[in-house]
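Input: a single structure, listed below in structure tokens.
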There are 2 protein chains.
Amino acid sequence: MTNPLPSWRDTPTRQAILDFIAAVTDENSPKYVPPAARIAAIDNDGTLWCEKPMYIQLDYLLRKLAVQAQEDPSLRTKQPWRAVWEKDYAWLGGAMTKHYQGDDSDLNVLLGGILSLSAGKRAEAIEAEAQAFIESEHHPSLGRIYRDCIYQPMWELLRYLEANGFTNYVVSGAGRDFIRGFAHDLYGVPRERVIGSTVAYRYVEDEGTSDIVQRAELSVIDDGPGKPIQIWNVIGRRPILTAGNSNGDLPMMNFTGGPSLPALRLLILHDDAEREFDYVAGAEQVLEKAKTNGWTIISMKNDFEVIFPVP
Amino acid sequence: MTNPLPSWRDTPTRQAILDFIAAVTDENSPKYVPPAARIAAIDNDGTLWCEKPMYIQLDYLLRKLAVQAQEDPSLRTKQPWRAVWEKDYAWLGGAMTKHYQGDDSDLNVLLGGILSLSAGKRAEAIEAEAQAFIESEHHPSLGRIYRDCIYQPMWELLRYLEANGFTNYVVSGAGRDFIRGFAHDLYGVPRERVIGSTVAYRYVEDEGTSDIVQRAELSVIDDGPGKPIQIWNVIGRRPILTAGNSNGDLPMMNFTGGPSLPALRLLILHDDAEREFDYVAGAEQVLEKAKTNGWTIISMKNDFEVIFPVP
């Protein structure tokens with residue numbers, strides 16, 4: 001038999017994954033799950049691809065704010081355009097730090113600027129921009145274009161799940177319309193299986209054409225408890241396998257399996273400063289829960305033989 | 001070859017459906033559509049099953065209000081419980097009539113009562129109730145249980161679409177959680193392909209269990225322009241085939257096909273007083289648009305050889 005997960009080292013982590021998949025697909029196993037219920041829900045940033053030094057979508061959004069400031073000098077004195085224009089990473093990073101300390105004032109200013117980018121944009125246009133962005137722009141330190149910042153072992157896991165009758169969903173706190181632009185190409189996940197945060201839409205008809213247009217208003221925040229809620233809205237089933245890497249994935253991971261369904265929860269631990277990044281900030285709670293409950297922790301340093309695809 | 005639509009009469013309507021399906025599945029046709037993009041979006045009430053004398057879900061909801069009034073006499077003096085308790089169909093019907101005349105005051109009172117039924121209900125519990133309801137309760141005049149009020153020709157159309165690589169979605173103005181209770185059993189449409197109106201959810205964890213619980217608050221109204229918006233939220237693709245029967249389906253029908261996709265729009269005309277019901281109220285605009293644009297109008301009287309399944 002060919003090795004289904006060639007970029008994984010032969011560790012107990014890999015074995016736990018293989019054992020779970022073998023059990024749920026074995027009709028004689030007490031853990032057997034029929035194909036329709038083999039739902040995998042996988043986080044994106046930090047789970048399927050790199051999220052440091054900043055979310056890839058945030059890089060895309062900040063560059064768009066920079067273009068606005070380029071075109072309209074009056075914006076350069078207003079936040080968040082001012083911080084973007086002046087490359088004031090202290091302000092930009094501080095907005096997130098303050099958020100985690102319970103102060104959303106700067107984050108809301110940043111979000112206001114970001115949401116203004118959506119006003120009147122056709123949903124389909126966002127996707128084309130997203131795809132072009134990840135195919136042309138480079139990660140600031142890894143020396144590779146963004147599309148090559150996916151984790152090769154996780155890509156292999158998606159393929160192996162698929163081959164075993166699983167239906168894979170990407171469940172991200174980031175923007176769904178952005179991820180739809182490349183999910184099929186990058187992850188083999190079709191557009192209808194991308195779950196994420198979204199702005200509100202307006203339906204517009206004009207002389208025989210009809211379009212879905214974004215509004216400058218948040219509609220769904222697919223993070224924390226929003227993840228199981230959106231999973232229920234879109235799928236209406238509990239996943240039996242989830243993978244995540246941050247506290248925002250904890251409710252989704254708790255929601256895995258159920259009274260009559262087995263569960264495998266995979267937590268990516270970013271512990272490889274040499275090949276990727278080494279951090280636990282934002283993952284403290286989920287890490288503690290994983291340790292307490294014996295969830296499967298994937299050490300990028302020890303469990304991944306290869307991290308990124310070889311271009 | 002066996003007849004794929006045996007309950008349809010051999011009319012130009014049936015031929016138009018067969019021709020469209022033949023064209024989009026023929027790789028040599030200019031109308032060819034690859035399987036992933038063969039999306040059918042089908043309304044439920046009045047399109048897949050009977051909606052008169054009242055929506056089947058409304059019957060379910062009013063009976064639940066009646067149970068509340070039974071258990072709590074103090075409710076019997078308050079609307080909408082009073083109208084339900086006194087079987088005041090003038091008030092109940094009047095709420096809808098006033099709505100169509102631009103006055104939502106009574107409708108909001110009715111909706112307030114209905115939404116109170118959702119507070120704290122597990123989404124999965126609603127589904128079980130819905131299924132039990134349609135399998136045990138009878139239509140008030142057709143002399144059949146609700147589950148047998150589906151239109152046999154439309155059920156055959158769903159199967160024929162499926163056999164031709166289409167992915168069928170139910171897109172209803174009624175409650176999604178209600179329809180999820182029986183969509184697979186009744187229509188062969190799995191739960192993740194039911195799009196409908198929804199209340200907001202709360203995610204609840206309690207001593208190792210986790211649940212999705214309804215709140216007494218509307219989240220999505222999947223009617224009118226809400227239909228293309230929800231289609232984009234859930235599927236992210238334009239349907240190439242839509243079927244509907246009321247003005248609430250008009251935007252979804254306009255949204256069918258697109259610059260590079262062919263379209264078939266099917267409008268069910270309720271013109272069979274003898275076997276079902278004869279009405280155009282609530283369908284005036286969509287009927288005019290269908291006539292002007294040459295959409296395919298299905299006459300229940302002339303195009304359907306059989307309307308309901310033979311039990």
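A note on labels: chains of the structure tokens are A, B, ... as shown, every chain counts residues from 1, and ligands are counted from 1 in their shown order.
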
Return as a list of chain:residue names the residues belonging to chain B that are within 8 Å of chain A, counting only C-alpha atoms. B:Arg191, B:Glu192, B:Arg193, B:Tyr201, B:Arg202, B:Tyr203, B:Thr209, B:Ser210, B:Asp211, B:Ile212, B:Pro225, B:Gly226, B:Pro228, B:Ile229, B:Trp232, B:Val234, B:Ile235, B:Gly236, B:Arg237, B:Asn254, B:Phe255, B:Gly258

Show me, as a VMD selection string, the residues that have an atom within 7 Å of Gly181 (chain B) when counting only C-alpha atoms, minus same-chain residues fewer than 3 positions from it. chain B and resid 127 to 128 130 to 131 177 to 178

Run DSSP on the backbone and tell me which residues of region 155-296 of chain B come out as strand (DSSP E); list them as a count of residues only. 49

Considering only C-alpha atoms, state which residue in the set A:Ile221, A:Val310, A:Met96, A:Ala125 is at the smallest distance from Gly282 (chain A). A:Met96

Neighbour list for Arg265 (chain A) as number ranges by chain, cut-off 7 Å, only C-alpha atoms, skip fewer than 3 positions in-chain: A: 241-243, 253, 295-296

Mind writing the picked residues with all heavy atoms as a compact mmCIF listing (two decimals), in the first residue's frame?
```
# COMPACT_ATOMS: atom_id res chain seq x y z
N LEU A 241 -14.85 15.02 12.62
CA LEU A 241 -13.41 15.36 12.68
C LEU A 241 -13.28 16.87 12.54
O LEU A 241 -13.87 17.46 11.63
CB LEU A 241 -12.65 14.64 11.57
CG LEU A 241 -11.12 14.81 11.57
CD1 LEU A 241 -10.45 13.57 10.97
CD2 LEU A 241 -10.66 16.06 10.82
N THR A 242 -12.58 17.49 13.48
CA THR A 242 -12.30 18.92 13.37
C THR A 242 -10.80 19.14 13.55
O THR A 242 -10.12 18.37 14.22
CB THR A 242 -13.05 19.75 14.42
OG1 THR A 242 -12.92 19.13 15.70
CG2 THR A 242 -14.52 19.90 14.08
N ALA A 243 -10.32 20.22 12.92
CA ALA A 243 -8.93 20.61 13.11
C ALA A 243 -8.89 22.12 13.27
O ALA A 243 -9.58 22.84 12.55
CB ALA A 243 -8.08 20.18 11.91
N MET A 253 -14.51 22.57 18.16
CA MET A 253 -13.89 21.30 18.54
C MET A 253 -14.72 20.59 19.62
O MET A 253 -14.89 19.37 19.58
CB MET A 253 -12.44 21.54 18.96
CG MET A 253 -11.60 22.01 17.76
SD MET A 253 -9.89 22.48 18.15
CE MET A 253 -9.11 20.85 18.22
N TRP A 295 -7.10 15.27 23.53
CA TRP A 295 -7.27 15.51 22.10
C TRP A 295 -5.93 15.32 21.41
O TRP A 295 -4.87 15.34 22.06
CB TRP A 295 -7.81 16.92 21.84
CG TRP A 295 -9.21 17.15 22.37
CD1 TRP A 295 -10.03 16.21 22.93
CD2 TRP A 295 -9.92 18.38 22.40
NE1 TRP A 295 -11.22 16.79 23.30
CE2 TRP A 295 -11.17 18.13 22.98
CE3 TRP A 295 -9.62 19.69 21.98
CZ2 TRP A 295 -12.14 19.12 23.16
CZ3 TRP A 295 -10.58 20.68 22.16
CH2 TRP A 295 -11.83 20.41 22.74
N THR A 296 -5.96 15.16 20.11
CA THR A 296 -4.74 14.90 19.35
C THR A 296 -4.04 16.21 19.00
O THR A 296 -4.56 17.01 18.23
CB THR A 296 -5.10 14.11 18.07
OG1 THR A 296 -5.78 12.91 18.46
CG2 THR A 296 -3.84 13.76 17.28
```

Residues within 6 Å of region 38-49 of chain A, please, as a CSV table (one decimal) with N, CA and C atoms, in the first residue's frame. Count only C-alpha atoms; anything in the same chain fewer than 2 positions from it doesn't count.
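Below is the file that was written, result-v3.csv:
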```
chain,number,residue,atom,x,y,z
A,35,PRO,N,-21.1,7.2,5.2
A,35,PRO,CA,-20.5,8.3,4.5
A,35,PRO,C,-21.2,9.7,4.6
A,36,ALA,N,-22.5,9.7,4.6
A,36,ALA,CA,-23.2,11.0,4.6
A,36,ALA,C,-22.8,11.8,5.9
A,51,GLU,N,-0.4,31.7,9.3
A,51,GLU,CA,-1.2,32.9,9.7
A,51,GLU,C,-0.3,34.0,10.3
A,149,CYS,N,2.1,28.7,0.9
A,149,CYS,CA,2.2,28.7,2.3
A,149,CYS,C,1.2,27.8,3.0
A,150,ILE,N,0.6,26.9,2.2
A,150,ILE,CA,-0.3,25.9,2.8
A,150,ILE,C,0.6,24.8,3.4
A,151,TYR,N,0.0,24.1,4.4
A,151,TYR,CA,0.8,23.0,5.0
A,151,TYR,C,0.5,21.7,4.2
A,166,PHE,N,-15.1,11.1,3.4
A,166,PHE,CA,-15.4,12.3,4.1
A,166,PHE,C,-15.8,13.4,3.2
A,167,THR,N,-16.7,14.3,3.7
A,167,THR,CA,-17.0,15.6,3.1
A,167,THR,C,-16.2,16.7,3.9
A,168,ASN,N,-15.3,17.3,3.2
A,168,ASN,CA,-14.5,18.3,3.9
A,168,ASN,C,-15.1,19.7,3.8
A,169,TYR,N,-15.1,20.4,4.9
A,169,TYR,CA,-15.5,21.8,4.9
A,169,TYR,C,-14.4,22.7,5.5
A,170,VAL,N,-14.1,23.8,4.9
A,170,VAL,CA,-13.2,24.8,5.5
A,170,VAL,C,-14.1,25.7,6.4
A,171,VAL,N,-13.8,25.9,7.6
A,171,VAL,CA,-14.6,26.7,8.6
A,171,VAL,C,-13.6,27.7,9.2
A,172,SER,N,-13.7,28.9,8.6
A,172,SER,CA,-12.7,29.9,8.9
A,172,SER,C,-13.3,31.2,9.6
A,239,PRO,N,-19.8,17.8,12.9
A,239,PRO,CA,-18.6,17.1,12.3
A,239,PRO,C,-18.1,16.0,13.2
A,240,ILE,N,-17.5,15.0,12.6
A,240,ILE,CA,-16.9,13.9,13.4
A,240,ILE,C,-15.4,14.2,13.5
A,241,LEU,N,-14.8,15.0,12.6
A,241,LEU,CA,-13.4,15.4,12.7
A,241,LEU,C,-13.3,16.9,12.5
A,242,THR,N,-12.6,17.5,13.5
A,242,THR,CA,-12.3,18.9,13.4
A,242,THR,C,-10.8,19.1,13.5
A,243,ALA,N,-10.3,20.2,12.9
A,243,ALA,CA,-8.9,20.6,13.1
A,243,ALA,C,-8.9,22.1,13.3
A,244,GLY,N,-8.1,22.6,14.2
A,244,GLY,CA,-8.0,24.0,14.5
A,244,GLY,C,-6.7,24.3,15.2
A,245,ASN,N,-6.5,25.6,15.5
A,245,ASN,CA,-5.2,25.9,16.1
A,245,ASN,C,-5.3,27.0,17.1
```

Distance CA of Asp59 (chain A)-CA of Gly188 (chain A), one decimal place? 23.6 Å

Find the residues around region 184-187 of chain A up to 8 Å (only C-alpha atoms counted), leave out those fewer than 6 positions away in its own chain, and share them as a list in words.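 With the cut-off at 8 Å, the set is Arg147, Trp155 and Leu158 of chain A.
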
CA of Tyr32 (chain A) to CA of Asp19 (chain A), straight-line distance in Å: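 Between CA of Asp19 (chain A) and CA of Tyr32 (chain A) the gap works out to 11.9 Å.
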
Counting only C-alpha atoms, the option among B:Leu269, B:His139, B:Val84, B:Leu250 closest to Ala69 (chain B):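 Using only C-alpha atoms, the shortest distance to Ala69 (chain B) belongs to B:Val84.
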
Which residue gives the smallest distance to Ala95 (chain A) among A:Leu110, A:Val67, A:Val199, A:Ala16, with only C-alpha atoms counted? A:Leu110

Please identify all polymer residues within 12 Å of Gln79 (chain B), counting only C-alpha atoms, omitting same-chain residues fewer than 2 positions from it, and present them as number ranges by chain. B: 62, 65-66, 69, 74-77, 81-88, 91-92, 95, 105-114

For the structure I just gave you, how does DSSP split region 79-271 of chain B - specifically, which residues are alpha helix (DSSP H)? Reply as an mmCIF file with C-alpha atoms, in the first residue's frame.
```
data_model
loop_
_atom_site.group_PDB
_atom_site.id
_atom_site.type_symbol
_atom_site.label_atom_id
_atom_site.label_comp_id
_atom_site.auth_asym_id
_atom_site.auth_seq_id
_atom_site.Cartn_x
_atom_site.Cartn_y
_atom_site.Cartn_z
ATOM 1 C CA TRP B 81 -53.312 32.920 21.090
ATOM 2 C CA ARG B 82 -56.830 34.333 21.338
ATOM 3 C CA ALA B 83 -57.461 34.019 17.598
ATOM 4 C CA VAL B 84 -55.998 30.526 17.599
ATOM 5 C CA TRP B 85 -58.028 29.496 20.661
ATOM 6 C CA TYR B 89 -59.700 32.636 10.955
ATOM 7 C CA ALA B 90 -60.858 36.134 10.037
ATOM 8 C CA TRP B 91 -58.148 37.598 12.303
ATOM 9 C CA LEU B 92 -55.514 35.078 11.237
ATOM 10 C CA GLY B 93 -56.264 35.441 7.528
ATOM 11 C CA GLY B 94 -56.641 39.192 7.959
ATOM 12 C CA ALA B 95 -53.078 39.439 9.277
ATOM 13 C CA MET B 96 -51.834 38.201 5.887
ATOM 14 C CA THR B 97 -54.304 40.359 3.909
ATOM 15 C CA LYS B 98 -53.232 43.449 5.831
ATOM 16 C CA HIS B 99 -49.598 42.502 5.185
ATOM 17 C CA TYR B 100 -50.176 42.494 1.438
ATOM 18 C CA SER B 105 -49.196 45.232 12.607
ATOM 19 C CA ASP B 106 -51.208 42.014 13.036
ATOM 20 C CA LEU B 107 -48.596 39.955 11.211
ATOM 21 C CA ASN B 108 -45.979 41.122 13.698
ATOM 22 C CA VAL B 109 -48.246 40.120 16.583
ATOM 23 C CA LEU B 110 -48.704 36.687 14.992
ATOM 24 C CA LEU B 111 -44.978 36.406 14.358
ATOM 25 C CA GLY B 112 -44.224 37.361 17.954
ATOM 26 C CA GLY B 113 -46.320 34.435 19.153
ATOM 27 C CA ILE B 114 -44.747 32.079 16.640
ATOM 28 C CA LEU B 115 -41.208 33.161 17.481
ATOM 29 C CA SER B 116 -41.858 32.582 21.178
ATOM 30 C CA ALA B 123 -32.771 22.678 16.448
ATOM 31 C CA GLU B 124 -32.707 18.879 16.247
ATOM 32 C CA ALA B 125 -35.948 18.656 18.283
ATOM 33 C CA ILE B 126 -37.799 20.847 15.755
ATOM 34 C CA GLU B 127 -36.875 18.457 12.977
ATOM 35 C CA ALA B 128 -38.242 15.430 14.792
ATOM 36 C CA GLU B 129 -41.500 17.300 15.462
ATOM 37 C CA ALA B 130 -41.796 18.380 11.831
ATOM 38 C CA GLN B 131 -41.357 14.854 10.587
ATOM 39 C CA ALA B 132 -43.873 13.434 13.050
ATOM 40 C CA PHE B 133 -46.345 16.195 12.126
ATOM 41 C CA ILE B 134 -46.371 15.608 8.379
ATOM 42 C CA GLU B 135 -46.546 11.870 8.861
ATOM 43 C CA SER B 136 -49.545 11.936 11.166
ATOM 44 C CA GLN B 152 -45.785 13.593 -7.801
ATOM 45 C CA PRO B 153 -44.674 15.190 -11.114
ATOM 46 C CA MET B 154 -42.276 17.498 -9.275
ATOM 47 C CA TRP B 155 -40.881 14.560 -7.282
ATOM 48 C CA GLU B 156 -40.221 12.832 -10.608
ATOM 49 C CA LEU B 157 -38.537 15.985 -11.902
ATOM 50 C CA LEU B 158 -36.185 16.007 -8.870
ATOM 51 C CA ARG B 159 -35.223 12.399 -9.617
ATOM 52 C CA TYR B 160 -34.697 13.126 -13.301
ATOM 53 C CA LEU B 161 -32.525 16.155 -12.518
ATOM 54 C CA GLU B 162 -30.491 14.043 -10.116
ATOM 55 C CA ALA B 163 -30.048 11.340 -12.740
ATOM 56 C CA ARG B 176 -35.384 25.696 7.230
ATOM 57 C CA ASP B 177 -35.240 23.671 10.440
ATOM 58 C CA PHE B 178 -38.825 22.512 9.861
ATOM 59 C CA ILE B 179 -38.090 21.392 6.283
ATOM 60 C CA ARG B 180 -34.841 19.689 7.272
ATOM 61 C CA ALA B 183 -36.479 16.915 3.066
ATOM 62 C CA HIS B 184 -34.368 13.816 2.571
ATOM 63 C CA ASP B 185 -37.166 11.407 3.201
ATOM 64 C CA LEU B 186 -39.745 13.298 1.124
ATOM 65 C CA TYR B 187 -37.697 14.890 -1.651
ATOM 66 C CA GLY B 226 -33.597 37.012 0.308
ATOM 67 C CA LYS B 227 -33.705 33.928 -1.935
ATOM 68 C CA PRO B 228 -30.825 34.857 -4.272
ATOM 69 C CA ILE B 229 -28.913 36.192 -1.264
ATOM 70 C CA GLN B 230 -29.267 32.918 0.650
ATOM 71 C CA ILE B 231 -28.471 30.935 -2.490
ATOM 72 C CA TRP B 232 -25.219 32.873 -2.670
ATOM 73 C CA ASN B 233 -24.543 32.430 1.048
ATOM 74 C CA VAL B 234 -25.081 28.685 0.989
ATOM 75 C CA LEU B 250 -39.374 36.203 -8.696
ATOM 76 C CA PRO B 251 -35.891 37.439 -7.686
ATOM 77 C CA MET B 252 -34.597 33.845 -7.490
ATOM 78 C CA MET B 253 -36.026 33.178 -10.940
ATOM 79 C CA ASN B 254 -34.428 36.347 -12.311
#
```

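Using only C-alpha atoms, the nearest neighbour of Tyr60 (chain B) within the list B:Lys301, B:Val220, B:Glu276, B:His138 is B:His138.
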